[in-house]
file input.txt (compact mmCIF, C-alpha atoms)
# COMPACT_ATOMS: atom_id res chain seq x y z
CA MET A 666 -27.11 11.00 -0.10
CA MET A 667 -25.98 8.16 2.18
CA GLU A 668 -24.23 8.73 5.50
CA LEU A 669 -21.06 6.70 6.02
CA LEU A 670 -19.29 5.61 9.18
CA PHE A 671 -15.68 4.50 8.63
CA VAL A 672 -14.13 2.14 11.18
CA ALA A 673 -10.38 2.52 10.72
CA PRO A 674 -8.18 2.06 13.81
CA GLY A 675 -4.99 4.14 13.66
CA ALA A 676 -5.87 5.90 10.37
CA ARG A 677 -4.37 9.28 11.22
CA ALA A 678 -1.12 11.21 10.73
CA PRO A 679 1.68 10.57 9.95
CA TRP A 680 0.41 9.66 6.47
CA THR A 681 3.13 7.27 5.37
CA GLU A 682 1.28 3.96 5.15
CA GLY A 683 -0.96 2.87 2.29
CA ARG A 684 -4.00 1.82 4.34
CA LYS A 685 -4.11 5.14 6.20
CA ASN A 686 -3.66 7.12 2.99
CA MET A 687 -6.47 5.19 1.34
CA VAL A 688 -8.88 6.02 4.18
CA ARG A 689 -7.87 9.70 4.15
CA ASP A 690 -8.23 9.98 0.35
CA LEU A 691 -11.63 8.27 0.32
CA VAL A 692 -12.90 10.60 3.03
CA ASP A 693 -11.68 13.69 1.18
CA GLU A 694 -13.23 12.58 -2.11
CA LEU A 695 -16.54 11.59 -0.52
CA LEU A 696 -16.80 14.88 1.34
CA ASP A 697 -16.13 16.74 -1.92
CA ARG A 698 -19.05 14.82 -3.44
CA GLY A 699 -21.41 15.85 -0.66
CA TYR A 700 -21.49 12.64 1.39
CA ARG A 701 -21.54 12.75 5.17
CA VAL A 702 -18.61 10.77 6.54
CA ARG A 703 -17.48 10.12 10.09
CA VAL A 704 -14.26 8.26 10.88
CA LEU A 705 -13.50 6.24 14.02
CA THR A 706 -9.72 5.93 14.40
CA GLY A 707 -9.06 5.52 18.12
CA SER A 708 -6.92 7.98 19.98
CA VAL A 709 -3.51 9.56 19.52
CA ASN A 710 -0.60 8.12 21.51
CA ARG A 711 -2.24 4.74 22.07
CA SER A 712 -1.08 1.30 20.98
CA ALA A 713 -2.70 -0.43 18.01
CA ALA A 714 -4.53 -2.82 20.38
CA ALA A 715 -5.85 0.08 22.44
CA ASP A 716 -6.99 1.79 19.23
CA VAL A 717 -8.97 -1.32 18.30
CA VAL A 718 -10.73 -1.49 21.66
CA LEU A 719 -11.54 2.20 21.65
CA VAL A 720 -12.86 2.07 18.09
CA LEU A 721 -15.19 -0.82 18.97
CA LEU A 722 -16.55 1.18 21.90
CA GLN A 723 -16.97 4.24 19.66
CA LEU A 724 -18.81 2.12 17.11
CA CYS A 725 -21.25 0.78 19.72
CA ARG A 726 -21.96 4.29 20.96
CA SER A 727 -22.41 5.66 17.42
CA LEU A 728 -24.84 2.94 16.37
CA TRP A 729 -26.76 3.26 19.63
CA THR A 730 -27.69 6.82 18.66
CA ASP A 731 -27.84 6.55 14.85
CA ARG A 732 -28.57 3.43 12.76
CA ARG A 733 -29.11 5.20 9.45
CA VAL A 734 -25.45 4.92 8.51
CA HIS A 735 -23.59 2.52 6.23
CA VAL A 736 -20.54 1.15 8.06
CA VAL A 737 -17.28 0.59 6.19
CA GLN A 738 -14.45 -1.05 8.10
CA PHE A 739 -10.76 -1.00 7.14
CA PRO A 740 -9.01 -3.73 9.15
CA PHE A 741 -5.26 -4.01 9.49
CA GLY A 742 -3.96 -6.36 6.82
CA ARG A 743 -1.89 -8.89 8.76
CA PHE A 744 -3.87 -11.94 9.86
CA SER A 745 -1.09 -14.21 11.13
CA GLY A 746 0.42 -14.50 14.60
CA ILE A 747 -0.90 -12.83 17.74
CA ARG A 748 -1.46 -9.52 15.97
CA GLY A 749 -3.33 -11.34 13.24
CA TRP A 750 -5.74 -12.93 15.70
CA VAL A 751 -6.38 -9.52 17.24
CA ASN A 752 -7.16 -8.18 13.76
CA ARG A 753 -9.45 -11.12 12.98
CA GLY A 754 -11.26 -10.70 16.29
CA SER A 755 -11.76 -6.96 15.86
CA ALA A 756 -13.09 -7.32 12.29
CA LEU A 757 -15.48 -10.06 13.45
CA ALA A 758 -16.58 -7.88 16.36
CA VAL A 759 -17.42 -5.05 13.95
CA ARG A 760 -19.52 -7.46 11.90
CA CYS A 761 -21.36 -8.70 15.01
CA ILE A 762 -22.03 -5.16 16.24
CA CYS A 763 -23.44 -4.19 12.83
CA ARG A 764 -25.64 -7.29 12.73
CA VAL A 765 -27.10 -6.54 16.14
CA ALA A 766 -27.69 -2.91 15.12
CA ARG A 767 -29.09 -4.04 11.72
CA VAL A 768 -26.90 -1.74 9.68
CA SER A 769 -25.08 -2.61 6.47
CA LEU A 770 -21.36 -3.35 6.58
CA LEU A 771 -18.68 -3.41 3.87
CA THR A 772 -15.17 -4.57 4.75
CA VAL A 773 -12.42 -2.95 2.65
CA VAL A 774 -9.01 -4.65 2.68
CA TYR A 775 -5.95 -2.74 1.52
CA SER A 776 -3.90 -5.87 2.16
CA VAL A 777 -4.45 -9.43 3.35
CA ASP A 778 -1.50 -11.43 4.66
CA GLY A 779 -1.86 -14.76 6.45
CA MET A 780 -5.45 -15.55 5.50
CA PRO A 781 -7.10 -16.68 2.25
CA VAL A 782 -9.11 -13.79 0.88
CA GLU A 783 -12.13 -16.03 0.35
CA GLN A 784 -11.99 -16.92 4.05
CA ALA A 785 -11.85 -13.21 4.88
CA ARG A 786 -15.02 -12.70 2.85
CA ARG A 787 -16.77 -15.55 4.69
CA TRP A 788 -15.69 -14.27 8.09
CA PHE A 789 -16.18 -10.55 7.64
CA GLY A 790 -19.09 -10.41 5.20
CA PRO A 791 -19.24 -8.36 1.97
CA LEU A 792 -15.65 -7.56 0.98
CA ALA A 793 -13.92 -5.07 -1.32
CA ALA A 794 -10.26 -5.83 -2.05
CA VAL A 795 -7.67 -3.46 -3.49
CA GLY A 796 -6.47 -4.69 -6.86
CA SER A 797 -7.93 -8.19 -6.46
CA GLU A 798 -10.93 -10.03 -7.80
CA VAL A 799 -12.91 -11.69 -5.02
CA ALA A 800 -15.69 -14.19 -5.65
CA GLU A 801 -18.94 -12.49 -4.64
CA GLY A 802 -16.89 -9.46 -3.68
CA TYR A 803 -15.76 -6.14 -5.15
CA PHE A 804 -12.60 -4.96 -6.93
CA LEU A 805 -11.26 -1.65 -5.62
CA HIS A 806 -8.80 0.45 -7.60
CA LEU A 807 -6.28 2.35 -5.51
CA GLY A 808 -5.78 6.07 -6.01
CA VAL A 809 -3.38 8.75 -4.85
CA ASP A 810 -3.68 12.42 -4.05
CA PRO A 811 -3.71 14.29 -7.40
CA ILE A 812 -1.18 16.76 -5.96
CA THR A 813 1.33 13.91 -5.98
CA LEU A 814 1.10 13.79 -9.76
CA ASP A 815 1.68 17.51 -10.38
CA ASN A 816 4.94 18.66 -12.00
CA SER A 817 5.82 15.10 -12.90
CA GLU A 818 8.82 15.94 -15.07
CA GLY A 819 11.92 14.47 -13.46
CA SER A 820 15.33 16.05 -13.09
CA PHE A 821 17.95 13.36 -13.66
CA ALA A 822 21.73 13.31 -13.42
CA SER A 823 24.06 10.56 -14.67
CA PRO A 824 22.42 7.13 -15.09
CA GLY A 825 22.69 4.84 -12.10
CA GLN A 826 20.55 6.49 -9.43
CA LEU A 827 18.23 3.86 -7.93
CA LEU A 828 15.52 4.25 -5.30
CA PHE A 829 14.07 1.84 -2.76
CA LEU A 830 11.08 3.26 -0.91
CA CYS A 831 8.55 2.16 1.68
CA GLY A 832 6.47 3.83 4.38
CA TYR A 833 7.32 1.88 7.55
CA GLN A 834 7.35 4.07 10.67
CA ASP A 835 8.07 1.44 13.32
CA PRO A 836 11.85 0.97 13.85
CA SER A 837 11.45 -2.39 15.60
CA GLU A 838 13.66 -5.36 14.77
CA ALA A 839 10.68 -7.10 13.19
CA ALA A 840 10.00 -4.12 10.91
CA VAL A 841 13.63 -3.89 9.81
CA ALA A 842 13.70 -7.64 9.15
CA GLY A 843 10.49 -7.33 7.15
CA VAL A 844 11.99 -4.65 4.92
CA LEU A 845 15.16 -6.66 4.37
CA ASP A 846 13.61 -10.06 3.77
CA GLU A 847 9.94 -9.58 2.84
CA ARG A 848 10.23 -6.41 0.82
CA GLY A 849 13.49 -7.63 -0.70
CA LEU A 850 15.97 -4.93 0.29
CA ARG A 851 18.61 -7.54 1.14
CA HIS A 852 18.24 -8.98 -2.38
CA LEU A 853 18.51 -5.49 -3.84
CA PHE A 854 21.78 -4.90 -1.97
CA GLU A 855 23.11 -8.21 -3.31
CA ALA A 856 21.96 -7.46 -6.86
CA CYS A 857 23.63 -4.04 -6.81
CA GLY A 858 26.78 -5.58 -5.34
CA ARG A 859 27.07 -7.88 -8.35
CA MET A 860 26.93 -5.08 -10.90
CA SER A 861 30.16 -3.65 -12.29
CA ARG A 862 28.73 -0.22 -13.11
CA ALA A 863 28.74 2.80 -10.80
CA LEU A 864 25.51 2.92 -8.83
CA GLU A 865 23.91 5.24 -6.34
CA LEU A 866 21.18 3.73 -4.18
CA THR A 867 18.80 5.72 -1.98
CA VAL A 868 16.88 3.82 0.68
CA ALA A 869 14.01 6.03 1.85
CA ILE A 870 12.08 4.71 4.86
CA PRO A 871 10.65 6.80 7.72
CA PHE A 872 12.04 4.45 10.37
CA LEU A 873 15.57 5.42 9.28
CA ARG A 874 15.21 8.42 11.57
CA ASP A 875 15.96 5.88 14.31
CA SER A 876 19.72 5.43 14.78
CA GLN A 877 19.58 1.69 15.52
CA ALA A 878 17.43 0.89 12.48
CA ARG A 879 19.69 3.07 10.37
CA SER A 880 22.82 1.31 11.65
CA ARG A 881 21.38 -2.13 10.97
CA ILE A 882 20.43 -1.29 7.37
CA ALA A 883 23.82 0.35 6.80
CA ALA A 884 25.66 -2.70 8.14
CA VAL A 885 23.85 -5.06 5.77
CA ALA A 886 24.53 -2.75 2.82
CA SER A 887 28.21 -2.44 3.76
CA GLU A 888 28.53 -6.22 3.72
CA LEU A 889 26.62 -6.91 0.49
CA CYS A 890 27.33 -3.89 -1.74
CA PRO A 891 30.32 -1.99 -0.33
CA ASN A 892 31.09 -0.27 -3.65
CA VAL A 893 27.62 1.22 -4.07
CA ALA A 894 27.13 4.84 -3.02
CA LEU A 895 24.42 4.48 -0.38
CA ARG A 896 22.09 7.18 0.92
CA LEU A 897 19.77 6.44 3.85
CA ASP A 898 16.89 8.91 4.21
CA GLY A 899 14.08 9.00 6.76
CA SER A 900 12.36 12.22 5.73
CA MET A 901 12.29 12.39 1.92
CA ARG A 902 8.83 12.94 0.38
CA PRO A 903 7.99 9.95 -1.82
CA ALA A 904 7.02 12.01 -4.88
CA ASP A 905 10.22 14.07 -4.66
CA ALA A 906 12.29 10.93 -4.24
CA LEU A 907 10.69 9.27 -7.26
CA ARG A 908 11.25 12.27 -9.52
CA SER A 909 14.93 12.62 -8.60
CA HIS A 910 16.04 9.04 -9.40
CA ASP A 911 16.51 7.11 -12.61
CA ALA A 912 14.51 4.08 -11.51
CA PHE A 913 12.37 2.84 -8.66
CA VAL A 914 13.20 -0.74 -7.69
CA PHE A 915 10.48 -2.83 -6.06
CA PRO A 916 12.07 -6.22 -5.25
CA TYR A 917 9.14 -7.58 -3.20
CA LEU A 918 9.63 -11.23 -2.26
CA ALA A 919 6.46 -12.10 -0.34
CA GLU A 920 3.17 -12.97 -2.04
CA HIS A 921 0.11 -11.78 -0.13
CA GLU A 922 -3.51 -12.44 -0.90
CA VAL A 923 -4.18 -8.72 -1.39
CA PHE A 924 -1.67 -5.88 -1.67
CA VAL A 925 -0.99 -3.04 -4.09
CA SER A 926 1.86 -0.86 -2.89
CA THR A 927 1.12 2.86 -2.86
CA ALA A 928 4.80 3.52 -3.62
CA LEU A 929 4.66 1.25 -6.68
CA LEU A 930 1.45 2.93 -7.84
CA GLU A 931 2.88 6.42 -7.38
CA ALA A 932 6.00 5.52 -9.37
CA LEU A 933 3.93 4.21 -12.27
CA LEU A 934 1.53 7.17 -12.19
CA ILE A 935 4.36 9.72 -12.10
CA GLY A 936 6.06 7.99 -15.01
CA VAL A 937 9.30 6.87 -13.35
CA PRO A 938 10.93 3.73 -14.79
CA VAL A 939 10.09 0.81 -12.49
CA VAL A 940 11.94 -2.46 -11.97
CA ALA A 941 9.82 -4.93 -10.03
CA ARG A 942 9.31 -8.57 -9.27
CA ASP A 943 6.20 -10.12 -10.79
CA ARG A 944 3.55 -10.75 -8.13
CA ARG A 945 -0.06 -11.89 -8.52
CA MET A 946 -1.23 -9.51 -5.79
CA TYR A 947 -0.43 -6.38 -7.85
CA ARG A 948 -0.54 -7.88 -11.35
CA SER A 949 -3.70 -5.90 -12.14
CA LEU A 950 -1.45 -2.85 -11.91
CA THR A 951 1.79 -4.07 -13.53
CA ARG A 952 0.31 -6.02 -16.46
CA ALA A 953 -2.33 -5.20 -19.06
CA HIS A 954 -3.53 -7.43 -21.90
CA GLY A 955 -0.69 -9.84 -21.19
CA GLN A 956 2.01 -7.14 -21.48
CA ALA A 957 4.19 -5.77 -18.68
CA ARG A 958 3.72 -2.09 -17.84
CA CYS A 959 7.20 -1.91 -16.30
CA ILE A 960 10.39 -3.98 -16.26
CA LEU A 961 9.65 -7.25 -14.46
CA ALA A 962 12.42 -9.57 -13.32
CA ARG A 963 12.15 -12.97 -15.02
CA ASP A 964 12.19 -14.79 -11.65
CA ASP A 965 12.95 -14.24 -7.96
CA SER A 966 16.71 -14.79 -8.16
CA ILE A 967 19.24 -12.10 -7.34
CA GLU A 968 20.74 -12.55 -10.81
CA ALA A 969 17.38 -11.87 -12.45
CA LEU A 970 16.91 -8.72 -10.37
CA SER A 971 20.40 -7.54 -11.31
CA ASP A 972 19.72 -8.21 -15.00
CA ALA A 973 16.42 -6.29 -14.86
CA ILE A 974 18.13 -3.27 -13.28
CA GLY A 975 20.86 -3.45 -15.93
CA GLU A 976 18.22 -3.67 -18.69
CA CYS A 977 16.61 -0.50 -17.39
CA LEU A 978 19.82 1.50 -17.02
CA ASP A 979 21.32 0.30 -20.33
CA ASN A 980 18.36 1.79 -22.21
CA LEU A 981 17.26 4.54 -19.87
CA PRO A 982 15.74 6.81 -22.58
CA GLY A 983 13.62 3.89 -23.77
CA ALA A 984 12.63 3.00 -20.20
CA ARG A 985 11.58 6.60 -19.57
CA ALA A 986 9.57 6.74 -22.79
CA LYS A 987 7.75 3.51 -21.92
CA ALA A 988 7.05 4.75 -18.39
CA ALA A 989 5.63 8.02 -19.74
CA GLN A 990 3.44 6.13 -22.20
CA GLN A 991 2.12 3.73 -19.59
CA CYS A 992 1.37 6.39 -16.99
CA GLU A 993 -1.24 8.02 -19.22
CA ALA A 994 -3.29 4.82 -19.37
CA LEU A 995 -2.71 4.10 -15.69
CA ARG A 996 -3.90 7.54 -14.59
CA ALA A 997 -7.23 6.94 -16.26
CA GLU A 998 -7.63 3.59 -14.53
CA TRP A 999 -6.03 4.04 -11.09
CA SER A 1000 -7.22 7.28 -9.54
CA ARG A 1001 -8.74 8.58 -6.35
CA SER A 1002 -11.97 9.29 -8.23
CA ARG A 1003 -12.10 5.73 -9.62
CA MET A 1004 -11.40 4.30 -6.16
CA THR A 1005 -14.30 6.30 -4.73
CA ASP A 1006 -16.58 5.22 -7.56
CA ASP A 1007 -15.73 1.59 -6.79
CA LEU A 1008 -16.59 2.07 -3.11
CA VAL A 1009 -19.87 3.88 -3.81
CA ASP A 1010 -20.89 1.27 -6.38
CA ALA A 1011 -20.24 -1.52 -3.87
CA LEU A 1012 -22.28 0.24 -1.18
CA GLN A 1013 -25.16 0.86 -3.56
CA ASP A 1014 -25.06 -2.77 -4.67
CA LEU A 1015 -25.38 -3.81 -1.03
CA GLY A 1016 -28.44 -1.57 -0.71
call {"tool": "encode", "arguments": {"input": "input.txt", "output": "structure tokens"}}
result
Amino acid sequence: MMELLFVAPGARAPWTEGRKNMVRDLVDELLDRGYRVRVLTGSVNRSAAADVVLVLLQLCRSLWTDRRVHVVQFPFGRFSGIRGWVNRGSALAVRCICRVARVSLLTVVYSVDGMPVEQARRWFGPLAAVGSEVAEGYFLHLGVDPITLDNSEGSFASPGQLLFLCGYQDPSEAAVAGVLDERGLRHLFEACGRMSRALELTVAIPFLRDSQARSRIAAVASELCPNVALRLDGSMRPADALRSHDAFVFPYLAEHEVFVSTALLEALLIGVPVVARDRRMYRSLTRAHGQARCILARDDSIEALSDAIGECLDNLPGARAKAAQQCEALRAEWSRSRMTDDLVDALQDLG
């Protein structure tokens, strides 16, 4: 049984971000299967940059004493700007350290933004990408904790309860702007504001615990959809939120090289009706055999998003039935066990 060393800066509680959850779930599954796994994450209460430096030092020390391991690194997914160059440099440093130590390395990317995925493979060596085919690389299915899928029957009230969900912790201006403009929350506010029906919209993001972030989101909503009943929540469990709303809306505007949202996956696996924008990066999840597995907006316009939401709510029983039907097939394909199989197969292929 192989011994694995995971290099994953910052992959520790709170477990609200997809990359961290993926690392945690892989470790749990591998340990259950009898593998030996060690994880280098940095140190609590340090910045992301300090985590990277500490992890590189920990890696050097680990390989100095034991070179029988297979190293798997999980870099941060943003490769643009100053932060992106730090991420590129740290991933390259891991590759160089492993080369000097003569140990195998697999780079697993949960997301890739600001860098062609083929370039990432050339820079960082053998690559496994979540939800994406990579030339001379490996496809990795994403999974979720099976507990999330228990008791999946929803409890719904009157039609019109919509949910927007993401796992951002950082309440910085950049993070709030990213949610509004990259993840499409501003467009969702505008789409809801155009609809004549009564709507309730829950925005569930951990950074809403911060008063300034909360005020900024509330101000934008007040301007764009003043007649919508808005709930801002910073502590709601994602699975509970998904089960208590009529539809999960995923109005993502950006197109990354690699990215499959954990929130989108959980919604589909639980069987909640999903309204989403069509994106290549998660098309392996939202389409099968040329057919949509959820309600996909016809284009990126606000009108198209509004129409897709209306289509879902106008035939909510049908949307729920389709979601329930699709989740059975999705659970067989996108699971924590399948994700672990993909990783083990890639490592064995590398020898």
call {"tool": "closest_residue", "arguments": {"input": "input.txt", "among": "A:Lys987, A:Val777, A:Cys857, A:Met1004", "to": "Met946 in chain A", "atoms": "all atoms listed in the file"}}
result
A:Val777
call {"tool": "closest_residue", "arguments": {"input": "input.txt", "among": "A:Gln834, A:Asn892, A:Ser909, A:Ser769", "to": "Ala1011 in chain A", "atoms": "only C-alpha atoms"}}
result
A:Ser769
call {"tool": "residues_around", "arguments": {"input": "input.txt", "residues": "Val937 in chain A", "least_positions_apart": "3", "cutoff": "7 Å", "atoms": "all atoms listed in the file", "output": "NGL selection string"}}
result
:A and (907-908 or 912-913 or 932-933 or 985 or 988)
call {"tool": "write_last_selection", "arguments": {"input": "input.txt", "atoms": "C-alpha atoms", "output": "PDB file, in the coordinates of the input"}}
result
ATOM      1  CA  LEU A 907      10.690   9.270  -7.260  1.00  0.00           C
ATOM      2  CA  ARG A 908      11.250  12.270  -9.520  1.00  0.00           C
ATOM      3  CA  ALA A 912      14.510   4.080 -11.510  1.00  0.00           C
ATOM      4  CA  PHE A 913      12.370   2.840  -8.660  1.00  0.00           C
ATOM      5  CA  ALA A 932       6.000   5.520  -9.370  1.00  0.00           C
ATOM      6  CA  LEU A 933       3.930   4.210 -12.270  1.00  0.00           C
ATOM      7  CA  ARG A 985      11.580   6.600 -19.570  1.00  0.00           C
ATOM      8  CA  ALA A 988       7.050   4.750 -18.390  1.00  0.00           C
TER       9      ALA A 988
END
call {"tool": "closest_residue", "arguments": {"input": "input.txt", "among": "A:Val702, A:Met667, A:Cys761, A:Leu1008", "to": "Val773 in chain A", "atoms": "all atoms listed in the file"}}
result
A:Leu1008
call {"tool": "residues_around", "arguments": {"input": "input.txt", "residues": "Ser861 in chain A", "least_positions_apart": "2", "cutoff": "12 Å", "atoms": "only C-alpha atoms", "output": "PyMOL selection string"}}
result
chain A and resi 825+856-859+863-864+890+892-893+971-972+975
call {"tool": "closest_atom_pairs", "arguments": {"input": "input.txt", "of": "range 779-837 of chain A", "to": "range 949-964 of chain A", "cutoff": "10 Å", "atoms": "all atoms listed in the file", "output": "Markdown table"}}
result
| residue | atom | partner | partner_atom | distance |
| --- | --- | --- | --- | --- |
| A:Val795 | CA | A:Ser949 | CA | 9.8 |
| A:Gly796 | CA | A:Ser949 | CA | 6.1 |
| A:Ser797 | CA | A:Ser949 | CA | 7.4 |
| A:Glu798 | CA | A:Ser949 | CA | 9.4 |
| A:His806 | CA | A:Leu950 | CA | 9.1 |
| A:Leu807 | CA | A:Leu950 | CA | 9.6 |
call {"tool": "residues_near_point", "arguments": {"input": "input.txt", "point": "(-15.1, -2.9, 9.0)", "cutoff": "10 Å", "atoms": "all atoms listed in the file", "output": "PyMOL selection string"}}
result
chain A and resi 670-674+736-741+755-760+763+770-774+789-792
call {"tool": "write_last_selection", "arguments": {"input": "input.txt", "atoms": "C-alpha atoms", "output": "PDB file, in the coordinates of the input"}}
result
ATOM      1  CA  LEU A 670     -19.290   5.610   9.180  1.00  0.00           C
ATOM      2  CA  PHE A 671     -15.680   4.500   8.630  1.00  0.00           C
ATOM      3  CA  VAL A 672     -14.130   2.140  11.180  1.00  0.00           C
ATOM      4  CA  ALA A 673     -10.380   2.520  10.720  1.00  0.00           C
ATOM      5  CA  PRO A 674      -8.180   2.060  13.810  1.00  0.00           C
ATOM      6  CA  VAL A 736     -20.540   1.150   8.060  1.00  0.00           C
ATOM      7  CA  VAL A 737     -17.280   0.590   6.190  1.00  0.00           C
ATOM      8  CA  GLN A 738     -14.450  -1.050   8.100  1.00  0.00           C
ATOM      9  CA  PHE A 739     -10.760  -1.000   7.140  1.00  0.00           C
ATOM     10  CA  PRO A 740      -9.010  -3.730   9.150  1.00  0.00           C
ATOM     11  CA  PHE A 741      -5.260  -4.010   9.490  1.00  0.00           C
ATOM     12  CA  SER A 755     -11.760  -6.960  15.860  1.00  0.00           C
ATOM     13  CA  ALA A 756     -13.090  -7.320  12.290  1.00  0.00           C
ATOM     14  CA  LEU A 757     -15.480 -10.060  13.450  1.00  0.00           C
ATOM     15  CA  ALA A 758     -16.580  -7.880  16.360  1.00  0.00           C
ATOM     16  CA  VAL A 759     -17.420  -5.050  13.950  1.00  0.00           C
ATOM     17  CA  ARG A 760     -19.520  -7.460  11.900  1.00  0.00           C
ATOM     18  CA  CYS A 763     -23.440  -4.190  12.830  1.00  0.00           C
ATOM     19  CA  LEU A 770     -21.360  -3.350   6.580  1.00  0.00           C
ATOM     20  CA  LEU A 771     -18.680  -3.410   3.870  1.00  0.00           C
ATOM     21  CA  THR A 772     -15.170  -4.570   4.750  1.00  0.00           C
ATOM     22  CA  VAL A 773     -12.420  -2.950   2.650  1.00  0.00           C
ATOM     23  CA  VAL A 774      -9.010  -4.650   2.680  1.00  0.00           C
ATOM     24  CA  PHE A 789     -16.180 -10.550   7.640  1.00  0.00           C
ATOM     25  CA  GLY A 790     -19.090 -10.410   5.200  1.00  0.00           C
ATOM     26  CA  PRO A 791     -19.240  -8.360   1.970  1.00  0.00           C
ATOM     27  CA  LEU A 792     -15.650  -7.560   0.980  1.00  0.00           C
TER      28      LEU A 792
END
call {"tool": "closest_residue", "arguments": {"input": "input.txt", "among": "A:Ser876, A:Asn686, A:Thr927, A:Ser900", "to": "Tyr947 in chain A", "atoms": "all atoms listed in the file"}}
result
A:Thr927
call {"tool": "atom_distance", "arguments": {"input": "input.txt", "atom1": "CA of Asp898 in chain A", "atom2": "CA of Arg748 in chain A"}}
result
28.5 Å
call {"tool": "closest_residue", "arguments": {"input": "input.txt", "among": "A:Pro871, A:Pro916, A:Gly707, A:Gly832", "to": "Leu897 in chain A", "atoms": "all atoms listed in the file"}}
result
A:Pro871
call {"tool": "closest_residue", "arguments": {"input": "input.txt", "among": "A:Val692, A:Ala919, A:Ala894, A:Leu827", "to": "Ala869 in chain A", "atoms": "all atoms listed in the file"}}
result
A:Leu827
call {"tool": "axis_aligned_box", "arguments": {"input": "input.txt", "around": "range 898-911 of chain A", "padding_each_side": "5 Å", "output": "AutoDock Vina command-line options"}}
result
--center_x 12.0 --center_y 10.6 --center_z -2.9 --size_x 19.9 --size_y 17.0 --size_z 29.4
call {"tool": "decode", "arguments": {"input": "input.txt", "residues": "range 765-776 of chain A", "atoms": "N, CA and C atoms", "output": "PDB file, in the first residue's frame"}}
result
ATOM      1  N   VAL A 765      14.543  16.869  -7.166  1.00  0.00           N
ATOM      2  CA  VAL A 765      15.820  16.707  -6.465  1.00  0.00           C
ATOM      3  C   VAL A 765      15.776  15.473  -5.569  1.00  0.00           C
ATOM      4  N   ALA A 766      14.641  15.274  -4.904  1.00  0.00           N
ATOM      5  CA  ALA A 766      14.492  14.123  -3.996  1.00  0.00           C
ATOM      6  C   ALA A 766      14.192  12.823  -4.742  1.00  0.00           C
ATOM      7  N   ARG A 767      13.883  12.930  -6.047  1.00  0.00           N
ATOM      8  CA  ARG A 767      13.569  11.760  -6.885  1.00  0.00           C
ATOM      9  C   ARG A 767      12.348  10.996  -6.373  1.00  0.00           C
ATOM     10  N   VAL A 768      11.303  11.767  -6.096  1.00  0.00           N
ATOM     11  CA  VAL A 768      10.026  11.166  -5.716  1.00  0.00           C
ATOM     12  C   VAL A 768       8.981  11.591  -6.737  1.00  0.00           C
ATOM     13  N   SER A 769       7.952  10.768  -6.898  1.00  0.00           N
ATOM     14  CA  SER A 769       6.911  11.075  -7.877  1.00  0.00           C
ATOM     15  C   SER A 769       6.011  12.197  -7.361  1.00  0.00           C
ATOM     16  N   LEU A 770       5.488  12.969  -8.318  1.00  0.00           N
ATOM     17  CA  LEU A 770       4.619  14.097  -7.974  1.00  0.00           C
ATOM     18  C   LEU A 770       3.410  14.110  -8.901  1.00  0.00           C
ATOM     19  N   LEU A 771       2.224  14.278  -8.324  1.00  0.00           N
ATOM     20  CA  LEU A 771       1.001  14.526  -9.081  1.00  0.00           C
ATOM     21  C   LEU A 771       0.418  15.840  -8.585  1.00  0.00           C
ATOM     22  N   THR A 772       0.119  16.745  -9.512  1.00  0.00           N
ATOM     23  CA  THR A 772      -0.525  18.008  -9.162  1.00  0.00           C
ATOM     24  C   THR A 772      -2.018  17.884  -9.427  1.00  0.00           C
ATOM     25  N   VAL A 773      -2.828  18.148  -8.406  1.00  0.00           N
ATOM     26  CA  VAL A 773      -4.287  18.080  -8.521  1.00  0.00           C
ATOM     27  C   VAL A 773      -4.837  19.496  -8.459  1.00  0.00           C
ATOM     28  N   VAL A 774      -5.575  19.907  -9.495  1.00  0.00           N
ATOM     29  CA  VAL A 774      -6.138  21.261  -9.513  1.00  0.00           C
ATOM     30  C   VAL A 774      -7.650  21.189  -9.365  1.00  0.00           C
ATOM     31  N   TYR A 775      -8.153  21.789  -8.306  1.00  0.00           N
ATOM     32  CA  TYR A 775      -9.588  21.938  -8.103  1.00  0.00           C
ATOM     33  C   TYR A 775     -10.127  23.031  -9.022  1.00  0.00           C
ATOM     34  N   SER A 776      -9.306  24.055  -9.241  1.00  0.00           N
ATOM     35  CA  SER A 776      -9.671  25.122 -10.160  1.00  0.00           C
ATOM     36  C   SER A 776      -8.399  25.687 -10.779  1.00  0.00           C
TER      37      SER A 776
END
